[in-house]
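Here is the file model04.cif (mmCIF, C-alpha atoms and all ligand atoms).
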data_final
loop_
_atom_site.label_atom_id
_atom_site.label_comp_id
_atom_site.auth_asym_id
_atom_site.auth_seq_id
_atom_site.Cartn_x
_atom_site.Cartn_y
_atom_site.Cartn_z
CA MET O 978 105.97 94.64 113.68
CA ALA O 979 103.69 97.63 114.45
CA GLN O 980 106.14 98.85 117.05
CA ASP O 981 108.93 98.46 114.47
CA LEU O 982 106.98 100.62 112.03
CA LEU O 983 106.44 103.23 114.74
CA ALA O 984 110.15 103.20 115.53
CA GLN O 985 111.00 103.60 111.84
CA ASN O 986 108.56 106.50 111.55
CA GLN O 987 106.78 104.83 108.60
CA PRO O 988 104.10 107.05 107.05
CA ILE O 989 100.54 105.83 107.48
CA ARG O 990 98.42 106.22 104.34
CA ARG O 991 94.95 106.55 105.87
CA GLY O 992 92.37 105.65 103.26
CA MET O 993 95.30 104.24 101.23
CA ASP O 994 95.69 107.67 99.56
CA ASP O 995 98.22 107.48 96.72
CA LEU O 996 99.24 103.96 97.72
CA VAL O 997 99.99 101.55 94.87
CA VAL O 998 99.08 98.02 96.01
CA ASP O 999 99.07 95.99 92.78
CA THR O 1000 99.27 96.23 89.00
CA THR O 1001 96.36 96.03 86.56
CA ALA O 1002 96.01 96.17 82.77
CA ILE O 1003 92.21 96.62 82.86
CA SER O 1004 91.72 100.36 83.31
CA TRP O 1005 93.73 103.47 84.03
CA VAL O 1006 92.29 106.61 85.63
CA ASP O 1007 94.54 109.49 84.59
CA GLY O 1008 93.31 111.94 87.23
CA GLN O 1009 95.73 114.71 86.32
CA HIS O 1010 94.42 114.99 82.78
CA GLY O 1011 90.84 113.81 83.33
CA ARG O 1012 91.19 110.70 81.16
CA LEU O 1013 89.96 107.14 81.60
CA PHE O 1014 91.25 104.19 79.55
CA TYR O 1015 89.92 100.61 79.30
CA ARG O 1016 92.70 98.32 78.09
CA GLY O 1017 94.28 101.35 76.40
CA TYR O 1018 91.14 102.77 74.72
CA ARG O 1019 89.58 106.09 75.76
CA VAL O 1020 86.24 105.41 77.44
CA GLU O 1021 84.49 108.13 75.42
CA ASP O 1022 85.51 106.37 72.18
CA LEU O 1023 84.26 103.04 73.44
CA GLY O 1024 80.94 104.56 74.53
CA LYS O 1025 80.49 106.23 71.15
CA ASN O 1026 81.41 103.24 69.00
CA ALA O 1027 80.67 99.97 70.78
CA GLY O 1028 77.97 98.00 72.56
CA PHE O 1029 77.76 96.54 76.08
CA GLU O 1030 78.68 92.99 75.06
CA GLU O 1031 81.71 94.19 73.04
CA ILE O 1032 83.20 96.16 75.93
CA ALA O 1033 82.39 93.47 78.48
CA TYR O 1034 84.41 91.09 76.27
CA LEU O 1035 87.24 93.65 76.05
CA LEU O 1036 87.51 93.96 79.83
CA LEU O 1037 87.12 90.27 80.60
CA CYS O 1038 89.25 88.82 77.81
CA GLY O 1039 91.81 91.59 77.20
CA SER O 1040 91.16 92.61 73.58
CA LEU O 1041 88.25 93.73 71.38
CA PRO O 1042 86.41 90.73 69.94
CA ASN O 1043 86.19 89.92 66.24
CA GLN O 1044 82.67 89.33 64.85
CA GLN O 1045 82.72 85.59 65.54
CA GLN O 1046 83.95 86.04 69.11
CA LEU O 1047 81.33 88.72 69.75
CA THR O 1048 78.51 86.59 68.36
CA SER O 1049 79.51 83.63 70.49
CA PHE O 1050 79.99 85.79 73.64
CA THR O 1051 76.58 87.45 73.12
CA TRP O 1052 74.92 84.08 72.55
CA ARG O 1053 76.46 82.60 75.72
CA LEU O 1054 75.41 85.63 77.76
CA ARG O 1055 71.81 85.19 76.54
CA GLN O 1056 71.85 81.48 77.40
CA LEU O 1057 72.71 82.47 80.97
CA SER O 1058 69.89 85.04 81.18
CA HIS O 1059 67.17 82.83 82.63
CA THR O 1060 65.29 83.96 85.73
CA PRO O 1061 66.80 82.39 88.87
CA GLU O 1062 63.58 81.17 90.57
CA LYS O 1063 65.16 80.33 93.96
CA ILE O 1064 66.79 83.75 94.12
CA ILE O 1065 63.53 85.47 93.23
CA ARG O 1066 61.84 83.66 96.11
CA ILE O 1067 64.55 84.95 98.48
CA LEU O 1068 64.05 88.49 97.15
CA GLN O 1069 60.30 88.21 97.65
CA GLU O 1070 60.89 87.44 101.33
CA LEU O 1071 62.92 90.62 101.92
CA PRO O 1072 61.09 93.64 103.38
CA ARG O 1073 59.68 95.81 100.56
CA HIS O 1074 61.79 98.81 101.61
CA THR O 1075 65.12 96.90 101.34
CA ALA O 1076 67.65 99.06 99.46
CA PRO O 1077 68.32 97.57 96.00
CA LEU O 1078 72.06 97.23 96.60
CA ALA O 1079 71.47 95.38 99.89
CA ALA O 1080 69.10 93.04 98.05
CA LEU O 1081 71.63 92.55 95.23
CA GLN O 1082 74.38 91.73 97.72
CA THR O 1083 72.12 89.08 99.27
CA ALA O 1084 71.13 87.74 95.84
CA LEU O 1085 74.70 87.38 94.56
CA ALA O 1086 75.73 85.50 97.70
CA ALA O 1087 72.66 83.28 97.28
CA LEU O 1088 73.43 82.76 93.58
CA GLY O 1089 76.73 81.23 94.68
CA CYS O 1090 74.79 78.65 96.72
CA THR O 1091 72.86 77.61 93.59
CA ASP O 1092 75.96 77.11 91.43
CA PRO O 1093 76.33 73.38 90.88
CA GLY O 1094 79.98 73.41 89.78
CA PRO O 1095 82.26 75.10 92.30
CA LYS O 1096 85.47 74.81 90.28
CA TYR O 1097 86.99 78.21 90.59
CA SER O 1098 90.60 77.92 89.54
CA GLU O 1099 90.47 77.01 85.85
CA GLU O 1100 90.47 79.94 83.41
CA GLU O 1101 87.54 78.73 81.27
CA THR O 1102 85.44 78.18 84.39
CA LEU O 1103 86.27 81.63 85.72
CA LEU O 1104 85.10 83.27 82.49
CA GLY O 1105 81.93 81.15 82.54
CA LEU O 1106 81.28 82.17 86.16
CA ALA O 1107 81.86 85.82 85.33
CA MET O 1108 79.40 85.60 82.43
CA ARG O 1109 76.77 83.93 84.63
CA ILE O 1110 77.10 86.69 87.24
CA ILE O 1111 77.07 89.46 84.59
CA ALA O 1112 74.00 87.96 82.86
CA GLN O 1113 72.09 87.47 86.10
CA THR O 1114 72.79 90.88 87.67
CA PRO O 1115 70.32 92.96 85.57
CA ILE O 1116 67.68 90.25 85.93
CA ILE O 1117 68.05 90.29 89.70
CA LEU O 1118 68.10 94.10 89.79
CA ALA O 1119 65.00 94.36 87.63
CA ALA O 1120 63.21 91.88 89.91
CA ILE O 1121 64.27 93.89 92.99
CA TYR O 1122 63.01 97.08 91.35
CA ARG O 1123 59.67 95.62 90.23
CA LEU O 1124 59.07 94.20 93.72
CA ASN O 1125 59.91 97.62 95.17
CA GLN O 1126 57.41 99.25 92.79
CA GLY O 1127 54.74 96.60 93.46
CA ALA O 1128 54.84 95.39 89.84
CA SER O 1129 55.08 91.84 88.48
CA ILE O 1130 58.53 90.46 87.61
CA LEU O 1131 59.40 90.08 83.92
CA ALA O 1132 61.67 87.46 82.38
CA ALA O 1133 64.44 88.43 79.93
CA ARG O 1134 63.52 88.10 76.23
CA GLU O 1135 65.72 86.12 73.88
CA ASP O 1136 65.35 88.62 71.05
CA LEU O 1137 66.69 91.61 73.02
CA SER O 1138 70.26 92.72 73.74
CA HIS O 1139 71.66 92.98 77.29
CA ALA O 1140 70.88 96.72 77.58
CA GLU O 1141 67.47 96.41 75.88
CA ASN O 1142 66.52 93.58 78.18
CA PHE O 1143 67.58 95.52 81.26
CA LEU O 1144 65.34 98.47 80.34
CA TYR O 1145 62.53 96.15 79.23
CA MET O 1146 62.60 94.17 82.51
CA LEU O 1147 62.66 97.44 84.52
CA THR O 1148 59.96 99.40 82.72
CA GLY O 1149 57.86 96.71 81.04
CA LYS O 1150 58.33 98.37 77.63
CA VAL O 1151 60.72 97.47 74.83
CA PRO O 1152 62.92 100.58 74.78
CA SER O 1153 63.43 102.85 71.79
CA PRO O 1154 66.83 102.65 70.04
CA GLN O 1155 67.70 106.03 71.59
CA HIS O 1156 66.96 104.84 75.14
CA THR O 1157 68.78 101.54 74.52
CA ARG O 1158 71.87 103.40 73.32
CA ALA O 1159 71.74 105.73 76.33
CA MET O 1160 71.60 102.77 78.74
CA GLU O 1161 74.36 100.99 76.86
CA ILE O 1162 76.64 104.05 77.03
CA ALA O 1163 75.82 104.54 80.73
CA LEU O 1164 76.80 100.93 81.45
CA ILE O 1165 80.00 101.13 79.39
CA LEU O 1166 81.11 104.36 81.11
CA GLN O 1167 80.84 102.79 84.55
CA MET O 1168 82.26 99.31 83.92
CA ASP O 1169 85.65 99.90 85.49
CA HIS O 1170 87.62 102.60 87.25
CA GLY O 1171 90.99 101.56 88.64
CA PHE O 1172 91.20 100.49 92.28
CA ASN O 1173 88.06 102.20 93.56
CA SER O 1174 86.70 100.94 96.91
CA SER O 1175 84.40 98.24 95.52
CA THR O 1176 86.99 96.93 93.05
CA PHE O 1177 89.61 96.87 95.78
CA THR O 1178 87.11 94.98 97.95
CA ALA O 1179 86.44 92.46 95.16
CA ARG O 1180 90.17 91.88 94.73
CA ALA O 1181 90.90 91.70 98.47
CA VAL O 1182 88.14 89.12 99.00
CA ALA O 1183 89.07 87.16 95.85
CA SER O 1184 92.73 87.10 96.93
CA THR O 1185 91.79 84.62 99.68
CA LEU O 1186 90.88 82.24 96.80
CA THR O 1187 87.23 82.33 97.76
CA ASN O 1188 84.65 82.15 94.95
CA MET O 1189 83.55 84.89 92.56
CA TYR O 1190 80.09 85.19 94.14
CA ALA O 1191 81.57 85.97 97.57
CA ALA O 1192 83.93 88.55 96.08
CA THR O 1193 81.29 90.32 93.93
CA SER O 1194 78.67 90.37 96.69
CA ALA O 1195 81.26 91.95 99.02
CA ALA O 1196 82.00 94.51 96.30
CA VAL O 1197 78.30 95.40 96.13
CA GLY O 1198 78.42 96.00 99.89
CA ALA O 1199 81.29 98.47 99.38
CA LEU O 1200 79.43 100.18 96.55
CA SER O 1201 76.34 100.70 98.69
CA GLY O 1202 77.94 103.50 100.74
CA PRO O 1203 77.01 107.09 99.79
CA LEU O 1204 80.65 108.13 99.32
CA HIS O 1205 81.01 105.57 96.56
CA GLY O 1206 77.88 104.66 94.65
CA GLY O 1207 74.95 106.49 96.18
CA ALA O 1208 75.47 110.00 94.89
CA SER O 1209 73.37 109.83 91.69
CA GLU O 1210 70.17 109.32 93.67
CA GLN O 1211 71.12 112.15 96.02
CA VAL O 1212 71.80 114.54 93.14
CA VAL O 1213 68.20 114.14 92.04
CA GLU O 1214 67.11 114.76 95.65
CA MET O 1215 69.31 117.88 95.59
CA LEU O 1216 67.27 119.20 92.63
CA ALA O 1217 64.12 118.90 94.75
CA GLU O 1218 65.85 120.61 97.69
CA VAL O 1219 66.94 123.53 95.49
CA GLU O 1220 63.31 123.95 94.47
CA GLU O 1221 62.30 124.01 98.15
CA TRP O 1222 64.95 126.64 98.94
CA GLY O 1223 63.81 128.74 96.00
CA ASP O 1224 67.20 129.25 94.36
CA VAL O 1225 70.62 127.63 94.01
CA ASP O 1226 72.58 130.22 96.00
CA SER O 1227 70.36 129.99 99.10
CA TYR O 1228 70.57 126.23 98.94
CA LEU O 1229 74.39 126.27 98.64
CA ASN O 1230 74.70 128.81 101.49
CA HIS O 1231 72.68 126.50 103.69
CA LEU O 1232 74.60 123.39 102.61
CA PHE O 1233 78.04 124.91 103.11
CA ALA O 1234 77.05 126.51 106.44
CA ARG O 1235 76.33 123.08 107.87
CA GLY O 1236 79.48 121.54 106.34
CA GLY O 1237 77.48 119.45 103.86
CA LYS O 1238 78.86 118.05 100.62
CA ILE O 1239 77.50 118.57 97.14
CA MET O 1240 76.64 115.16 95.84
CA GLY O 1241 78.12 114.31 92.46
CA MET O 1242 81.15 116.55 93.00
CA GLY O 1243 84.68 115.71 94.09
CA HIS O 1244 86.86 112.70 93.50
CA ARG O 1245 89.86 111.12 95.15
CA VAL O 1246 91.73 110.70 91.84
CA TYR O 1247 90.39 113.24 89.32
CA LYS O 1248 91.91 116.69 89.54
CA GLN O 1249 89.93 117.63 86.42
CA THR O 1250 86.37 117.03 85.29
CA ASP O 1251 85.56 113.33 85.23
CA PRO O 1252 85.42 112.39 81.50
CA ARG O 1253 82.38 110.19 82.16
CA ALA O 1254 80.50 113.24 83.46
CA VAL O 1255 81.05 115.01 80.14
CA VAL O 1256 79.47 112.10 78.23
CA PHE O 1257 76.57 111.88 80.68
CA GLU O 1258 75.90 115.61 80.30
CA GLY O 1259 75.73 115.16 76.51
CA LEU O 1260 73.39 112.17 76.92
CA LEU O 1261 71.11 114.21 79.15
CA GLU O 1262 70.89 116.98 76.59
CA GLU O 1263 70.05 114.49 73.82
CA LEU O 1264 67.31 112.90 75.93
CA SER O 1265 65.75 116.13 77.16
CA ARG O 1266 62.82 117.58 75.28
CA GLY O 1267 60.36 119.40 77.56
CA GLU O 1268 60.54 122.59 79.62
CA ARG O 1269 60.82 120.76 82.93
CA GLU O 1270 63.79 118.79 81.64
CA ALA O 1271 65.55 121.87 80.31
CA LYS O 1272 65.07 123.47 83.73
CA ASP O 1273 66.77 120.53 85.48
CA ILE O 1274 69.80 120.80 83.18
CA LYS O 1275 70.01 124.54 83.79
CA THR O 1276 69.76 124.10 87.56
CA LEU O 1277 72.42 121.38 87.64
CA ALA O 1278 74.77 123.40 85.45
CA TYR O 1279 74.28 126.43 87.71
CA ILE O 1280 74.94 124.35 90.87
CA ALA O 1281 78.19 123.10 89.31
CA GLU O 1282 79.24 126.61 88.28
CA ARG O 1283 78.48 128.25 91.65
CA ALA O 1284 80.04 125.38 93.60
CA ARG O 1285 83.21 125.46 91.50
CA ALA O 1286 83.54 129.19 92.14
CA ARG O 1287 83.35 128.57 95.90
CA PHE O 1288 85.82 125.70 95.73
CA SER O 1289 88.33 127.74 93.78
CA GLU O 1290 88.06 130.56 96.36
CA ARG O 1291 89.26 127.90 98.84
CA GLN O 1292 91.92 126.70 96.37
CA GLN O 1293 90.20 123.32 96.11
CA SER O 1294 90.19 121.47 92.81
CA ILE O 1295 86.74 119.88 93.00
CA HIS O 1296 84.77 119.12 89.83
CA VAL O 1297 81.66 117.21 88.87
CA ASN O 1298 82.00 113.43 88.87
CA VAL O 1299 80.16 110.64 87.05
CA ASP O 1300 77.18 110.78 89.42
CA PHE O 1301 76.38 114.44 88.82
CA TRP O 1302 74.42 113.95 85.59
CA SER O 1303 73.75 110.21 85.57
CA GLY O 1304 70.66 110.30 87.83
CA ALA O 1305 68.93 112.82 85.57
CA VAL O 1306 69.73 110.55 82.58
CA TYR O 1307 68.20 107.51 84.29
CA ARG O 1308 65.11 109.55 85.11
CA ARG O 1309 64.71 110.30 81.40
CA LEU O 1310 64.82 106.55 80.78
CA GLY O 1311 61.78 106.17 83.04
CA ILE O 1312 63.61 104.72 86.07
CA GLN O 1313 62.84 105.80 89.64
CA PRO O 1314 65.72 107.19 91.80
CA VAL O 1315 65.65 104.23 94.22
CA LEU O 1316 67.46 102.14 91.60
CA PHE O 1317 70.11 104.66 90.50
CA PRO O 1318 72.97 103.45 92.73
CA ALA O 1319 72.24 99.87 91.70
CA ILE O 1320 72.52 100.66 87.97
CA PHE O 1321 76.14 101.41 88.78
CA ALA O 1322 76.44 97.78 89.95
CA ALA O 1323 74.94 96.46 86.70
CA ALA O 1324 77.88 98.13 84.95
CA ARG O 1325 80.66 97.65 87.50
CA ILE O 1326 79.96 93.93 87.80
CA VAL O 1327 81.94 93.57 84.55
CA GLY O 1328 84.95 95.35 86.08
CA TRP O 1329 84.80 93.37 89.33
CA CYS O 1330 84.73 90.05 87.46
CA SER O 1331 87.57 91.16 85.16
CA HIS O 1332 89.70 92.09 88.17
CA ILE O 1333 89.06 88.74 89.84
CA ILE O 1334 90.11 86.93 86.66
CA GLU O 1335 93.22 89.14 86.36
CA LEU O 1336 94.21 88.59 89.98
CA ARG O 1337 93.82 84.80 89.68
CA GLN O 1338 96.49 84.75 86.97
CA ASN O 1339 99.06 85.77 89.59
CA ASN O 1340 97.32 85.69 92.96
CA ARG O 1341 98.75 87.25 96.09
CA LEU O 1342 96.79 87.41 99.36
CA TYR O 1343 95.95 91.05 100.20
CA ARG O 1344 97.17 91.57 103.74
CA PRO O 1345 98.22 95.12 104.71
CA LEU O 1346 99.56 96.18 108.10
CA SER O 1347 98.06 98.52 110.62
CA MET O 1348 99.83 100.71 113.14
CA TYR O 1349 98.79 99.51 116.60
CA THR O 1350 98.32 102.50 118.91
CA GLY O 1351 97.00 100.77 122.06
CA PRO O 1352 98.91 99.69 125.17
CA VAL O 1353 100.89 96.43 125.52
CA ASP O 1354 101.61 93.96 128.31
CA LEU O 1355 98.74 95.03 130.57
CA PRO O 1356 98.22 92.74 133.56
CA PHE O 1357 94.92 90.80 133.40
CA ILE O 1358 92.39 92.03 136.01
CA PRO O 1359 89.86 89.47 137.30
CA ILE O 1360 86.26 90.66 136.83
CA LYS O 1361 85.63 90.99 140.53
CA ASP O 1362 88.44 93.55 140.80
CA ARG O 1363 87.32 95.76 137.88
CA ASN O 1364 85.69 99.25 138.19
CA LYS O 1365 86.57 99.53 141.87
N1 LIG K 1 81.18 119.06 98.35
C1 LIG K 1 81.79 119.90 99.24
N2 LIG K 1 83.04 119.76 99.66
C2 LIG K 1 83.74 118.72 99.17
C3 LIG K 1 83.19 117.81 98.25
C4 LIG K 1 81.85 118.02 97.85
N3 LIG K 1 81.25 117.18 97.01
N4 LIG K 1 84.11 116.87 97.94
C5 LIG K 1 85.20 117.19 98.64
N5 LIG K 1 84.97 118.29 99.40
C6 LIG K 1 85.91 118.95 100.29
C7 LIG K 1 85.85 118.29 101.68
O1 LIG K 1 84.89 118.91 102.49
C8 LIG K 1 87.28 118.50 102.16
O2 LIG K 1 87.40 119.81 102.59
P1 LIG K 1 88.35 120.20 103.84
O3 LIG K 1 89.72 119.78 103.40
O4 LIG K 1 88.16 121.67 103.97
O5 LIG K 1 87.84 119.38 104.99
C9 LIG K 1 88.12 118.35 100.90
O6 LIG K 1 87.25 118.70 99.83
C10 LIG K 1 88.63 116.94 100.69
O7 LIG K 1 87.50 116.07 100.74
P2 LIG K 1 87.57 114.54 101.10
O8 LIG K 1 86.18 114.03 101.30
O9 LIG K 1 88.56 114.29 102.19
O10 LIG K 1 88.23 113.98 99.78
P3 LIG K 1 88.15 112.54 99.25
O11 LIG K 1 89.26 112.37 98.32
O12 LIG K 1 88.02 111.55 100.33
O13 LIG K 1 86.74 112.70 98.52
C11 LIG K 1 84.73 111.94 97.70
C12 LIG K 1 86.24 111.99 97.50
C13 LIG K 1 84.09 111.41 96.41
C14 LIG K 1 84.41 110.98 98.86
C15 LIG K 1 84.17 113.35 98.04
O14 LIG K 1 84.52 114.26 97.02
C16 LIG K 1 82.68 113.33 98.25
O15 LIG K 1 82.22 113.00 99.35
N6 LIG K 1 81.87 113.70 97.22
C17 LIG K 1 80.44 113.66 97.31
C18 LIG K 1 79.93 112.24 97.12
C19 LIG K 1 80.05 111.77 95.69
O16 LIG K 1 79.78 112.50 94.75
N7 LIG K 1 80.41 110.50 95.55
C20 LIG K 1 80.54 109.86 94.24
C21 LIG K 1 81.97 109.63 93.92
S1 LIG K 1 82.15 109.02 92.25
#

Any chance you could put this one into structure tokens?
Amino acid sequence: MAQDLLAQNQPIRRGMDDLVVDTTAISWVDGQHGRLFYRGYRVEDLGKNAGFEEIAYLLLCGSLPNQQQLTSFTWRLRQLSHTPEKIIRILQELPRHTAPLAALQTALAALGCTDPGPKYSEEETLLGLAMRIIAQTPIILAAIYRLNQGASILAAREDLSHAENFLYMLTGKVPSPQHTRAMEIALILQMDHGFNSSTFTARAVASTLTNMYAATSAAVGALSGPLHGGASEQVVEMLAEVEEWGDVDSYLNHLFARGGKIMGMGHRVYKQTDPRAVVFEGLLEELSRGEREAKDIKTLAYIAERARARFSERQQSIHVNVDFWSGAVYRRLGIQPVLFPAIFAAARIVGWCSHIIELRQNNRLYRPLSMYTGPVDLPFIPIKDRNK
């Protein structure tokens, strides 16, 4: 087959650039116009007007819930928010420096081993599984973070919402309404994003008809790479580096001279500013009070401006992406940079589960082709005759 493709001069889409491999009704990234839709709604509108549970329902079930549906969904999610003791023991055994996403990947795979009812094909069961995974992810992440910080692990509280609980379990304090809203918006903005690498991974793994735990833990593995989910932490590191270099221009000269990339800029699909970045920038401004915080915003804005000028000199259409401002927002919420990439997972878990449910309605095994470029029909050489 590979030889046939070669003979037919078939184009190879390395990195699957511009390749359409399936349909989805969950989200649409309109890169040309810098727009993102969840089930037809603009993500900015959803962030402004709705809560985490409401949008999780929208993505998983296909439409916005009415009050009764939302109350029942929220109640079920809370019932599933107990601390998974066996998983916590596994996390405690991991080296303290384990990256949060590596620990989450391990924990989700382990969570699958503790699920007593492995019935994965029925729709009701799939939704129940998705809700268990979504409810457990912030609990696991908070435990990972508290272990990393040398603090004691906190259980979720029944009287708090999903976003409130996440912040409470991370910081040990019941968050203010402003901080809760900021976390809720951050989670909503990052719930889904077309066929990004981790979502594609979740679908490819799920297409073998394996279970949802295997597919979501594989997706976390894909997210853990710096080209996908690690940039928010590195943007905050960039702020420290700029301070070391003294000014933005010297830092950029140095970065570009060694062929480095500016973290939080560029995107495979967006040819305009990422709409999520605009919301994050607004959130950062709302949360910033002091001089130090104002300085960070100014420095980031100046980096973006100077970098854009350089990119346009090279005729490159590179803009800020979702990770450019998000790290600074999380810092305002009292969270340390080590967790930033993993907060992405607490949001994207909703998208991954929604995609697995969608795929199961009309499953097709993902199995692309590769172009073989090695030799064929080589004669076997016995070991004694090799390297002579
Ligand atoms: N800083 C500097 N140059 C960048 C850049 C950045 N952040 N993003 C892209 N470029 C340049 C590349 O150097 C390349 O230049 P060249 O053609 O002269 O070699 C060109 O733009 C294309 O980049 P490439 O990495 O091939 O594009 P992509 O579609 O694969 O890139 C990303 C998408 C996200 C991987 C890339 O923009 C990137 O690495 N960004 C930084 C990491 C990041 O913010 N990740 C979070 C994504 S939400």

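Among the candidate residues O:Ala1319, O:Met1242, O:Ala1079, O:Met1348, the one lying nearest to ligand LIG 1 (chain K) is O:Met1242, with distances computed using all atoms listed in the file.
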
For this session: Compute the set of protein, DNA and RNA residues whose minimum atom distance to ligand LIG 1 (chain K) is at most 9 Å, using all atoms listed in the file, and state it as a PyMOL selection string.
Result: chain O and resi 992+994+1203-1209+1211-1212+1232-1233+1236-1246+1251+1284+1288+1291+1293-1301

Exercise. Using only C-alpha atoms, which residues sit within 9 Å of Tyr1307 in chain O once same-chain residues fewer than 5 positions away are excluded, as a ChimeraX atom specification?
Worked result: /O:1159-1160,1163,1261,1312-1314,1317,1320

If we count all atoms listed in the file and set the cut-off at 7 Å, which residues sit around range 1001-1015 of chain O, ignoring sequence neighbours fewer than 5 positions away in its own chain? Please answer as a PDB file with C-alpha atoms, keeping the file's coordinate frame.
ATOM      1  CA  VAL O1020      86.240 105.410  77.440  1.00  0.00           C
ATOM      2  CA  LEU O1036      87.510  93.960  79.830  1.00  0.00           C
ATOM      3  CA  ASP O1169      85.650  99.900  85.490  1.00  0.00           C
ATOM      4  CA  HIS O1170      87.620 102.600  87.250  1.00  0.00           C
ATOM      5  CA  GLY O1171      90.990 101.560  88.640  1.00  0.00           C
ATOM      6  CA  VAL O1246      91.730 110.700  91.840  1.00  0.00           C
ATOM      7  CA  TYR O1247      90.390 113.240  89.320  1.00  0.00           C
ATOM      8  CA  LYS O1248      91.910 116.690  89.540  1.00  0.00           C
ATOM      9  CA  GLN O1249      89.930 117.630  86.420  1.00  0.00           C
ATOM     10  CA  THR O1250      86.370 117.030  85.290  1.00  0.00           C
ATOM     11  CA  ASP O1251      85.560 113.330  85.230  1.00  0.00           C
ATOM     12  CA  PRO O1252      85.420 112.390  81.500  1.00  0.00           C
TER      13      PRO O1252
END

Problem set entry | Sel. within 12 Å of pt (73.4, 86.5, 77.1), counting only C-alpha atoms, output as a PyMOL selection string | chain O and resi 1029-1030+1033-1034+1047-1059+1105+1107-1116+1133-1143

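Among O:Arg1269, O:Arg1180, O:Arg1308, O:Lys1361, the residue with the shortest atom-to-atom distance to Asn1340 in chain O, counting all atoms listed in the file, is O:Arg1180.
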